[in-house]
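Have a look at the structure below before the remarks.
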Amino acid sequence: MTTPMTDGDYAARAEQLTKTYGDGENAVHALDGVSLAVRRGEFVAIMGPSGSGKSTLMHMMAGLDAPTSGRVWLGSQQITGLSDHELTVLRRRRVGFVFQSFNLVPTLTARENILLPFDLDGRRPSSSEQARVDHLVHALGLVERVHHRPDQLSGGQQQRVAIARALATAPDLVFADEPTGNLDSRSSREVLTLLRTASREFGQSIAMVTHDPVAASRADRVVFVGDGRIVADKPAQTAEQISAFMLRAEEVTA
Ligand code: ADP
Ligand code: MG
């Protein structure tokens with residue numbers, strides 16, 4: 001008999017989410033009853049065609065937007081029904097974000113960008129957090145770059161700064177939306193290796209939206225979304241397996 005998972009075993013959990021944008025004839029049902037649990041330390045890839053609801057699902061799970069119905073937990077805390085202000089504070093402390101477009105603050109140095117989550121939270125990093133940041137700066141190969149501003153860094157370096165920022169507070173969940181979408185193949189490989197290492201070595205939970213089967217093949221688990229529903233949920237797959245599955249899914253819906 002397996003022991004049932006308890007709330008403490010999950011980084012984030014969604015139960016029966018629906019999301020409808022607009023109403024009447026213009027209503028778009030972006031999510032249609034999605035349940036998904038990300039275990040602590042797990043690196044999950046979310047795949048699916050454009051418009052299938054991937055970003056909407058991730059926005060609900062990261063507390064960026066509220067579902068039409070259903071419930072979301074971050075760690076063991078239910079976040080559905082929290083006020084905008086409570087959600088803002090919670091996101092700062094418990095979610096890290098990595099976007100395709102890096103989203104660094106152009107006027108701040110790399111180091112200031114990495115420390116931004118602490119600044120926004122109105123506090124200084126503790127000594128253990130400071131040590132974590134120093135370790136990240138080393139591990140991400142940014143020692144020589146900490147005093148540079150984003151426009152003095154390559155795309156790959158900027159994304160490494162964004163990853164360091166996302167990992168700095170050891171959040172419940174790092175949410176990465178197409179993190180390699182603007183990178184060349186070498187920088188993409190580096191970024192994926194960093195995410196995988198964060199999950200393996202620090203037990204960092206990561207949910208990554210991607211179109212790229214090679215990127216998704218680095219995850220522990222691949223969830224396929226189609227038309228606002230989860231159509232498959234698989235353990236680690238090779239890029240070939242993922243491509244073959246996507247092709248079949250397209251044929252079925254064509
Ligand atoms: P994906 O990330 O898989 O490309 P999205 O979650 O962005 O898909 O979008 C799912 C569906 O919801 C699409 O039909 C999209 O047009 C619609 N949608 C997303 N955001 C909005 C919004 N803010 N207002 C209206 N429709 C939206
Ligand atoms: Mg999207």
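Residues are named by chain letter and number: chains run A, B, ... in the order of the structure tokens, numbers start at 1 in each chain, and ligands are numbered from 1 in the order shown.
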
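Residues in contact with ligand 1 (atom pairs separated by at most 9 Å; only C-alpha atoms and all ligand atoms) are Lys19, Thr20, Tyr21, Gly22, Asn26, Ala27, Val28, His29, Ala30, Leu31, Met47, Gly48, Pro49, Ser50, Gly51, Ser52, Gly53, Lys54, Ser55, Thr56, Leu57, Met58, His59, Asp177, Val209, Val225, Gly226, Asp227 and Gly228 of chain A.
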
What would the file look like if the residues just selected were written as an mmCIF file, in the first residue's frame with N, CA, C and O atoms?
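Listed below is the output, result_36.cif:
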```
data_model
loop_
_atom_site.group_PDB
_atom_site.id
_atom_site.type_symbol
_atom_site.label_atom_id
_atom_site.label_comp_id
_atom_site.auth_asym_id
_atom_site.auth_seq_id
_atom_site.Cartn_x
_atom_site.Cartn_y
_atom_site.Cartn_z
ATOM 1 N N LYS A 19 -11.113 28.411 -16.244
ATOM 2 C CA LYS A 19 -10.898 29.834 -16.452
ATOM 3 C C LYS A 19 -11.609 30.228 -17.733
ATOM 4 O O LYS A 19 -11.347 29.676 -18.801
ATOM 5 N N THR A 20 -12.533 31.141 -17.609
ATOM 6 C CA THR A 20 -13.257 31.659 -18.761
ATOM 7 C C THR A 20 -12.931 33.133 -18.908
ATOM 8 O O THR A 20 -13.057 33.892 -17.942
ATOM 9 N N TYR A 21 -12.450 33.508 -20.075
ATOM 10 C CA TYR A 21 -12.213 34.928 -20.381
ATOM 11 C C TYR A 21 -13.423 35.457 -21.152
ATOM 12 O O TYR A 21 -13.913 34.782 -22.058
ATOM 13 N N GLY A 22 -13.889 36.633 -20.821
ATOM 14 C CA GLY A 22 -15.024 37.229 -21.516
ATOM 15 C C GLY A 22 -16.315 36.502 -21.164
ATOM 16 O O GLY A 22 -16.316 35.580 -20.339
ATOM 17 N N ASN A 26 -18.654 35.827 -26.653
ATOM 18 C CA ASN A 26 -17.201 36.025 -26.722
ATOM 19 C C ASN A 26 -16.432 35.185 -25.710
ATOM 20 O O ASN A 26 -15.216 35.311 -25.613
ATOM 21 N N ALA A 27 -17.129 34.376 -24.931
ATOM 22 C CA ALA A 27 -16.455 33.630 -23.865
ATOM 23 C C ALA A 27 -15.422 32.662 -24.438
ATOM 24 O O ALA A 27 -15.688 31.968 -25.420
ATOM 25 N N VAL A 28 -14.236 32.663 -23.830
ATOM 26 C CA VAL A 28 -13.185 31.700 -24.191
ATOM 27 C C VAL A 28 -12.921 30.840 -22.960
ATOM 28 O O VAL A 28 -12.567 31.361 -21.897
ATOM 29 N N HIS A 29 -13.121 29.531 -23.112
ATOM 30 C CA HIS A 29 -12.878 28.625 -21.985
ATOM 31 C C HIS A 29 -11.428 28.164 -22.045
ATOM 32 O O HIS A 29 -11.115 27.142 -22.650
ATOM 33 N N ALA A 30 -10.558 28.941 -21.409
ATOM 34 C CA ALA A 30 -9.116 28.679 -21.512
ATOM 35 C C ALA A 30 -8.719 27.440 -20.713
ATOM 36 O O ALA A 30 -7.823 26.704 -21.111
ATOM 37 N N LEU A 31 -9.385 27.206 -19.580
ATOM 38 C CA LEU A 31 -9.153 25.985 -18.797
ATOM 39 C C LEU A 31 -10.503 25.351 -18.501
ATOM 40 O O LEU A 31 -11.462 26.027 -18.146
ATOM 41 N N MET A 47 3.606 21.109 -21.833
ATOM 42 C CA MET A 47 3.651 21.269 -23.291
ATOM 43 C C MET A 47 2.244 21.321 -23.857
ATOM 44 O O MET A 47 1.304 20.862 -23.225
ATOM 45 N N GLY A 48 2.123 21.817 -25.069
ATOM 46 C CA GLY A 48 0.830 21.831 -25.734
ATOM 47 C C GLY A 48 0.824 22.892 -26.811
ATOM 48 O O GLY A 48 1.650 23.804 -26.798
ATOM 49 N N PRO A 49 -0.133 22.796 -27.740
ATOM 50 C CA PRO A 49 -0.175 23.769 -28.833
ATOM 51 C C PRO A 49 -0.409 25.179 -28.326
ATOM 52 O O PRO A 49 -0.888 25.375 -27.204
ATOM 53 N N SER A 50 -0.104 26.154 -29.158
ATOM 54 C CA SER A 50 -0.365 27.556 -28.846
ATOM 55 C C SER A 50 -1.871 27.730 -28.589
ATOM 56 O O SER A 50 -2.693 27.184 -29.309
ATOM 57 N N GLY A 51 -2.209 28.440 -27.519
ATOM 58 C CA GLY A 51 -3.615 28.679 -27.196
ATOM 59 C C GLY A 51 -4.273 27.556 -26.418
ATOM 60 O O GLY A 51 -5.477 27.600 -26.153
ATOM 61 N N SER A 52 -3.505 26.532 -26.001
ATOM 62 C CA SER A 52 -4.119 25.382 -25.317
ATOM 63 C C SER A 52 -4.372 25.644 -23.837
ATOM 64 O O SER A 52 -5.065 24.862 -23.191
ATOM 65 N N GLY A 53 -3.801 26.732 -23.278
ATOM 66 C CA GLY A 53 -4.074 27.057 -21.876
ATOM 67 C C GLY A 53 -2.874 26.924 -20.949
ATOM 68 O O GLY A 53 -3.020 27.053 -19.731
ATOM 69 N N LYS A 54 -1.683 26.710 -21.504
ATOM 70 C CA LYS A 54 -0.493 26.499 -20.664
ATOM 71 C C LYS A 54 -0.199 27.710 -19.779
ATOM 72 O O LYS A 54 -0.004 27.573 -18.576
ATOM 73 N N SER A 55 -0.150 28.892 -20.402
ATOM 74 C CA SER A 55 0.188 30.089 -19.616
ATOM 75 C C SER A 55 -0.911 30.379 -18.605
ATOM 76 O O SER A 55 -0.624 30.726 -17.446
ATOM 77 N N THR A 56 -2.152 30.216 -19.012
ATOM 78 C CA THR A 56 -3.266 30.447 -18.081
ATOM 79 C C THR A 56 -3.128 29.539 -16.852
ATOM 80 O O THR A 56 -3.228 30.005 -15.708
ATOM 81 N N LEU A 57 -2.860 28.262 -17.088
ATOM 82 C CA LEU A 57 -2.700 27.321 -15.975
ATOM 83 C C LEU A 57 -1.569 27.760 -15.051
ATOM 84 O O LEU A 57 -1.719 27.799 -13.821
ATOM 85 N N MET A 58 -0.424 28.120 -15.648
ATOM 86 C CA MET A 58 0.718 28.527 -14.832
ATOM 87 C C MET A 58 0.431 29.827 -14.082
ATOM 88 O O MET A 58 0.847 29.986 -12.936
ATOM 89 N N HIS A 59 -0.279 30.749 -14.716
ATOM 90 C CA HIS A 59 -0.609 32.005 -14.029
ATOM 91 C C HIS A 59 -1.488 31.754 -12.803
ATOM 92 O O HIS A 59 -1.293 32.377 -11.761
ATOM 93 N N ASP A 177 8.346 30.288 -18.084
ATOM 94 C CA ASP A 177 7.511 30.276 -19.294
ATOM 95 C C ASP A 177 8.409 30.465 -20.510
ATOM 96 O O ASP A 177 8.916 31.559 -20.734
ATOM 97 N N VAL A 209 6.990 25.856 -18.909
ATOM 98 C CA VAL A 209 6.230 25.784 -20.152
ATOM 99 C C VAL A 209 7.215 25.845 -21.306
ATOM 100 O O VAL A 209 8.101 26.708 -21.323
ATOM 101 N N VAL A 225 -0.956 19.595 -22.439
ATOM 102 C CA VAL A 225 -2.236 20.299 -22.325
ATOM 103 C C VAL A 225 -2.811 20.452 -23.731
ATOM 104 O O VAL A 225 -2.076 20.708 -24.685
ATOM 105 N N GLY A 226 -4.119 20.264 -23.847
ATOM 106 C CA GLY A 226 -4.792 20.493 -25.124
ATOM 107 C C GLY A 226 -6.189 21.002 -24.861
ATOM 108 O O GLY A 226 -6.892 20.435 -24.026
ATOM 109 N N ASP A 227 -6.565 22.103 -25.497
ATOM 110 C CA ASP A 227 -7.924 22.641 -25.348
ATOM 111 C C ASP A 227 -8.359 22.816 -23.905
ATOM 112 O O ASP A 227 -9.492 22.493 -23.548
ATOM 113 N N GLY A 228 -7.458 23.315 -23.078
ATOM 114 C CA GLY A 228 -7.826 23.608 -21.695
ATOM 115 C C GLY A 228 -7.948 22.394 -20.788
ATOM 116 O O GLY A 228 -8.499 22.491 -19.694
#
```

As an NGL selection string, please: all residues of stretch 71-241 of chain A that backbone DSSP puts in alpha helix (DSSP H).
:A and (84-94 or 110-114 or 116-120 or 127-139 or 155-168 or 185-202 or 213-216 or 239-241)

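Counting only C-alpha atoms and all ligand atoms, the residue from A:Val34, A:Ala198, A:Leu153, A:Met208 that sits nearest to ligand 2 is A:Met208.
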
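Closest approach to A:Gly203 from the set A:Ser187, A:Leu74, A:Phe43, A:Glu15 is made by A:Phe43, with distances taken over only C-alpha atoms.
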
Using only C-alpha atoms, which of A:Arg132, A:Arg196, A:Lys234, A:Arg111 sits nearest A:Val174?
A:Arg196

Using only C-alpha atoms, which residues sit within 12 Å of stretch 79-88 of chain A once same-chain residues fewer than 3 positions away are excluded, as a PDB file with N, CA, C and O atoms, in the first residue's frame?
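Once written, part_38.pdb looks like this:
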```pdb
ATOM      1  N   ALA A  12       3.065  22.863  -5.295  1.00  0.00           N
ATOM      2  CA  ALA A  12       1.890  23.603  -5.762  1.00  0.00           C
ATOM      3  C   ALA A  12       0.861  22.583  -6.242  1.00  0.00           C
ATOM      4  O   ALA A  12       1.219  21.490  -6.699  1.00  0.00           O
ATOM      5  N   ARG A  13      -0.395  22.970  -6.131  1.00  0.00           N
ATOM      6  CA  ARG A  13      -1.444  22.017  -6.479  1.00  0.00           C
ATOM      7  C   ARG A  13      -2.663  22.790  -6.981  1.00  0.00           C
ATOM      8  O   ARG A  13      -3.021  23.827  -6.413  1.00  0.00           O
ATOM      9  N   ALA A  14      -3.239  22.310  -8.054  1.00  0.00           N
ATOM     10  CA  ALA A  14      -4.458  22.909  -8.596  1.00  0.00           C
ATOM     11  C   ALA A  14      -5.529  21.840  -8.642  1.00  0.00           C
ATOM     12  O   ALA A  14      -5.249  20.690  -8.985  1.00  0.00           O
ATOM     13  N   GLU A  15      -6.743  22.223  -8.269  1.00  0.00           N
ATOM     14  CA  GLU A  15      -7.843  21.253  -8.257  1.00  0.00           C
ATOM     15  C   GLU A  15      -8.999  21.796  -9.080  1.00  0.00           C
ATOM     16  O   GLU A  15      -9.532  22.867  -8.793  1.00  0.00           O
ATOM     17  N   LEU A  17      -9.502  23.330 -11.957  1.00  0.00           N
ATOM     18  CA  LEU A  17      -9.496  24.730 -12.370  1.00  0.00           C
ATOM     19  C   LEU A  17     -10.274  24.928 -13.667  1.00  0.00           C
ATOM     20  O   LEU A  17     -10.101  24.168 -14.625  1.00  0.00           O
ATOM     21  N   HIS A  59      -0.279  30.749 -14.716  1.00  0.00           N
ATOM     22  CA  HIS A  59      -0.609  32.005 -14.029  1.00  0.00           C
ATOM     23  C   HIS A  59      -1.488  31.754 -12.803  1.00  0.00           C
ATOM     24  O   HIS A  59      -1.293  32.377 -11.761  1.00  0.00           O
ATOM     25  N   MET A  60      -2.422  30.819 -12.915  1.00  0.00           N
ATOM     26  CA  MET A  60      -3.276  30.492 -11.757  1.00  0.00           C
ATOM     27  C   MET A  60      -2.435  29.855 -10.641  1.00  0.00           C
ATOM     28  O   MET A  60      -2.592  30.177  -9.470  1.00  0.00           O
ATOM     29  N   MET A  61      -1.534  28.934 -11.052  1.00  0.00           N
ATOM     30  CA  MET A  61      -0.763  28.204 -10.030  1.00  0.00           C
ATOM     31  C   MET A  61       0.270  29.093  -9.354  1.00  0.00           C
ATOM     32  O   MET A  61       0.665  28.841  -8.220  1.00  0.00           O
ATOM     33  N   ALA A  62       0.696  30.149 -10.059  1.00  0.00           N
ATOM     34  CA  ALA A  62       1.682  31.076  -9.485  1.00  0.00           C
ATOM     35  C   ALA A  62       1.006  32.266  -8.802  1.00  0.00           C
ATOM     36  O   ALA A  62       1.691  33.187  -8.358  1.00  0.00           O
ATOM     37  N   GLY A  63      -0.317  32.262  -8.738  1.00  0.00           N
ATOM     38  CA  GLY A  63      -1.025  33.344  -8.057  1.00  0.00           C
ATOM     39  C   GLY A  63      -1.007  34.670  -8.803  1.00  0.00           C
ATOM     40  O   GLY A  63      -1.191  35.730  -8.214  1.00  0.00           O
ATOM     41  N   LEU A  64      -0.786  34.622 -10.132  1.00  0.00           N
ATOM     42  CA  LEU A  64      -0.798  35.854 -10.924  1.00  0.00           C
ATOM     43  C   LEU A  64      -2.209  36.246 -11.334  1.00  0.00           C
ATOM     44  O   LEU A  64      -2.471  37.390 -11.673  1.00  0.00           O
ATOM     45  N   ASP A  65      -3.099  35.261 -11.335  1.00  0.00           N
ATOM     46  CA  ASP A  65      -4.472  35.512 -11.761  1.00  0.00           C
ATOM     47  C   ASP A  65      -5.357  34.481 -11.056  1.00  0.00           C
ATOM     48  O   ASP A  65      -4.866  33.426 -10.644  1.00  0.00           O
ATOM     49  N   ALA A  66      -6.636  34.801 -10.909  1.00  0.00           N
ATOM     50  CA  ALA A  66      -7.542  33.910 -10.179  1.00  0.00           C
ATOM     51  C   ALA A  66      -8.354  33.055 -11.152  1.00  0.00           C
ATOM     52  O   ALA A  66      -8.756  33.536 -12.213  1.00  0.00           O
ATOM     53  N   PRO A  67      -8.600  31.791 -10.806  1.00  0.00           N
ATOM     54  CA  PRO A  67      -9.430  30.956 -11.675  1.00  0.00           C
ATOM     55  C   PRO A  67     -10.908  31.378 -11.583  1.00  0.00           C
ATOM     56  O   PRO A  67     -11.314  32.034 -10.631  1.00  0.00           O
ATOM     57  N   THR A  68     -11.681  30.971 -12.589  1.00  0.00           N
ATOM     58  CA  THR A  68     -13.131  31.175 -12.539  1.00  0.00           C
ATOM     59  C   THR A  68     -13.743  30.238 -11.501  1.00  0.00           C
ATOM     60  O   THR A  68     -14.617  30.632 -10.731  1.00  0.00           O
ATOM     61  N   SER A  69     -13.262  29.001 -11.468  1.00  0.00           N
ATOM     62  CA  SER A  69     -13.629  28.079 -10.388  1.00  0.00           C
ATOM     63  C   SER A  69     -12.464  27.133 -10.151  1.00  0.00           C
ATOM     64  O   SER A  69     -11.557  27.032 -10.971  1.00  0.00           O
ATOM     65  N   GLY A  70     -12.525  26.434  -9.006  1.00  0.00           N
ATOM     66  CA  GLY A  70     -11.434  25.541  -8.638  1.00  0.00           C
ATOM     67  C   GLY A  70     -10.549  26.189  -7.586  1.00  0.00           C
ATOM     68  O   GLY A  70     -10.785  27.333  -7.181  1.00  0.00           O
ATOM     69  N   ARG A  71      -9.566  25.424  -7.130  1.00  0.00           N
ATOM     70  CA  ARG A  71      -8.732  25.902  -6.024  1.00  0.00           C
ATOM     71  C   ARG A  71      -7.255  25.650  -6.298  1.00  0.00           C
ATOM     72  O   ARG A  71      -6.901  24.695  -6.980  1.00  0.00           O
ATOM     73  N   VAL A  72      -6.421  26.509  -5.712  1.00  0.00           N
ATOM     74  CA  VAL A  72      -4.964  26.399  -5.886  1.00  0.00           C
ATOM     75  C   VAL A  72      -4.296  26.486  -4.522  1.00  0.00           C
ATOM     76  O   VAL A  72      -4.688  27.302  -3.684  1.00  0.00           O
ATOM     77  N   TRP A  73      -3.292  25.634  -4.312  1.00  0.00           N
ATOM     78  CA  TRP A  73      -2.453  25.697  -3.113  1.00  0.00           C
ATOM     79  C   TRP A  73      -1.005  25.951  -3.530  1.00  0.00           C
ATOM     80  O   TRP A  73      -0.530  25.393  -4.520  1.00  0.00           O
ATOM     81  N   LEU A  74      -0.320  26.786  -2.782  1.00  0.00           N
ATOM     82  CA  LEU A  74       1.138  26.909  -2.908  1.00  0.00           C
ATOM     83  C   LEU A  74       1.692  26.342  -1.614  1.00  0.00           C
ATOM     84  O   LEU A  74       1.341  26.837  -0.529  1.00  0.00           O
ATOM     85  N   GLY A  75       2.542  25.323  -1.715  1.00  0.00           N
ATOM     86  CA  GLY A  75       2.889  24.604  -0.503  1.00  0.00           C
ATOM     87  C   GLY A  75       1.597  24.117   0.128  1.00  0.00           C
ATOM     88  O   GLY A  75       0.721  23.623  -0.574  1.00  0.00           O
ATOM     89  N   SER A  76       1.432  24.272   1.419  1.00  0.00           N
ATOM     90  CA  SER A  76       0.211  23.798   2.053  1.00  0.00           C
ATOM     91  C   SER A  76      -0.826  24.909   2.200  1.00  0.00           C
ATOM     92  O   SER A  76      -1.871  24.716   2.799  1.00  0.00           O
ATOM     93  N   ARG A  91       3.589  35.862  -3.692  1.00  0.00           N
ATOM     94  CA  ARG A  91       4.386  35.603  -4.900  1.00  0.00           C
ATOM     95  C   ARG A  91       5.836  36.003  -4.688  1.00  0.00           C
ATOM     96  O   ARG A  91       6.746  35.275  -5.064  1.00  0.00           O
ATOM     97  N   ARG A  92       6.029  37.169  -4.098  1.00  0.00           N
ATOM     98  CA  ARG A  92       7.394  37.646  -3.855  1.00  0.00           C
ATOM     99  C   ARG A  92       8.191  36.656  -3.029  1.00  0.00           C
ATOM    100  O   ARG A  92       9.371  36.460  -3.238  1.00  0.00           O
ATOM    101  N   ARG A  93       7.521  36.071  -2.029  1.00  0.00           N
ATOM    102  CA  ARG A  93       8.238  35.200  -1.097  1.00  0.00           C
ATOM    103  C   ARG A  93       8.315  33.772  -1.589  1.00  0.00           C
ATOM    104  O   ARG A  93       9.240  33.059  -1.229  1.00  0.00           O
ATOM    105  N   ARG A  94       7.322  33.324  -2.345  1.00  0.00           N
ATOM    106  CA  ARG A  94       7.192  31.880  -2.533  1.00  0.00           C
ATOM    107  C   ARG A  94       7.161  31.403  -3.967  1.00  0.00           C
ATOM    108  O   ARG A  94       7.035  30.210  -4.222  1.00  0.00           O
ATOM    109  N   VAL A  95       7.258  32.345  -4.919  1.00  0.00           N
ATOM    110  CA  VAL A  95       7.296  31.941  -6.324  1.00  0.00           C
ATOM    111  C   VAL A  95       8.462  32.669  -6.994  1.00  0.00           C
ATOM    112  O   VAL A  95       8.711  33.839  -6.713  1.00  0.00           O
ATOM    113  N   PRO A 117      14.240  40.409  -5.176  1.00  0.00           N
ATOM    114  CA  PRO A 117      13.130  39.845  -4.387  1.00  0.00           C
ATOM    115  C   PRO A 117      13.209  40.230  -2.902  1.00  0.00           C
ATOM    116  O   PRO A 117      12.171  40.426  -2.268  1.00  0.00           O
ATOM    117  N   LEU A 120      12.222  44.032  -2.675  1.00  0.00           N
ATOM    118  CA  LEU A 120      10.781  44.235  -2.822  1.00  0.00           C
ATOM    119  C   LEU A 120      10.044  43.793  -1.570  1.00  0.00           C
ATOM    120  O   LEU A 120       8.979  44.306  -1.244  1.00  0.00           O
ATOM    121  N   ASP A 121      10.629  42.836  -0.864  1.00  0.00           N
ATOM    122  CA  ASP A 121      10.025  42.341   0.370  1.00  0.00           C
ATOM    123  C   ASP A 121      10.409  43.235   1.561  1.00  0.00           C
ATOM    124  O   ASP A 121      10.013  42.970   2.694  1.00  0.00           O
TER     125      ASP A 121
END
```

Selected residue of minimal separation from A:Gly181 among A:Arg248, A:Phe102, A:Val231, A:Glu129, counting only C-alpha atoms
A:Phe102

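If only C-alpha atoms and all ligand atoms are the atoms counted, then among A:Leu192, A:Leu90, A:Ala131, A:Ala176 the closest residue to ligand 2 is A:Ala176.
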
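For the pair atom CA of A:Gln77 and atom CA of A:Tyr10, the interatomic distance is 10.4 Å.
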
What residues in stretch 107-228 of chain A get the DSSP label strand (DSSP E)? Please answer as a PyMOL selection string.
chain A and resi 173-177+206-209+221-226

Write the residues of the preceding selection, restricted to C-alpha atoms, as an mmCIF file, in the first residue's frame.
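As written to disk, part_9.cif reads:
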```
data_model
loop_
_atom_site.group_PDB
_atom_site.id
_atom_site.type_symbol
_atom_site.label_atom_id
_atom_site.label_comp_id
_atom_site.auth_asym_id
_atom_site.auth_seq_id
_atom_site.Cartn_x
_atom_site.Cartn_y
_atom_site.Cartn_z
ATOM 1 C CA LEU A 173 7.855 26.933 -7.049
ATOM 2 C CA VAL A 174 9.900 28.344 -9.894
ATOM 3 C CA PHE A 175 7.671 29.018 -12.833
ATOM 4 C CA ALA A 176 9.486 29.284 -16.176
ATOM 5 C CA ASP A 177 7.511 30.276 -19.294
ATOM 6 C CA ILE A 206 10.092 23.889 -11.217
ATOM 7 C CA ALA A 207 7.221 24.109 -13.684
ATOM 8 C CA MET A 208 8.440 24.989 -17.178
ATOM 9 C CA VAL A 209 6.230 25.784 -20.152
ATOM 10 C CA ARG A 221 7.769 14.675 -15.940
ATOM 11 C CA VAL A 222 5.967 15.959 -19.029
ATOM 12 C CA VAL A 223 2.362 17.178 -18.869
ATOM 13 C CA PHE A 224 0.572 17.735 -22.182
ATOM 14 C CA VAL A 225 -2.236 20.299 -22.325
ATOM 15 C CA GLY A 226 -4.792 20.493 -25.124
#
```

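Interatomic distance, atom CA of A:Ile163 to atom CA of A:Met246: 28.0 Å.
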
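If only C-alpha atoms and all ligand atoms are the atoms counted, then among A:Val161, A:Val214, A:Ile46, A:Leu36 the closest residue to ligand 2 is A:Ile46.
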
Can you pull out every residue within 10 Å of A:Gln241, counting only C-alpha atoms, but drop anything in the same chain fewer than 5 positions away, and send it as a list in words?
Pro213, Ser217, Ala236, Met246 and Leu247 of chain A
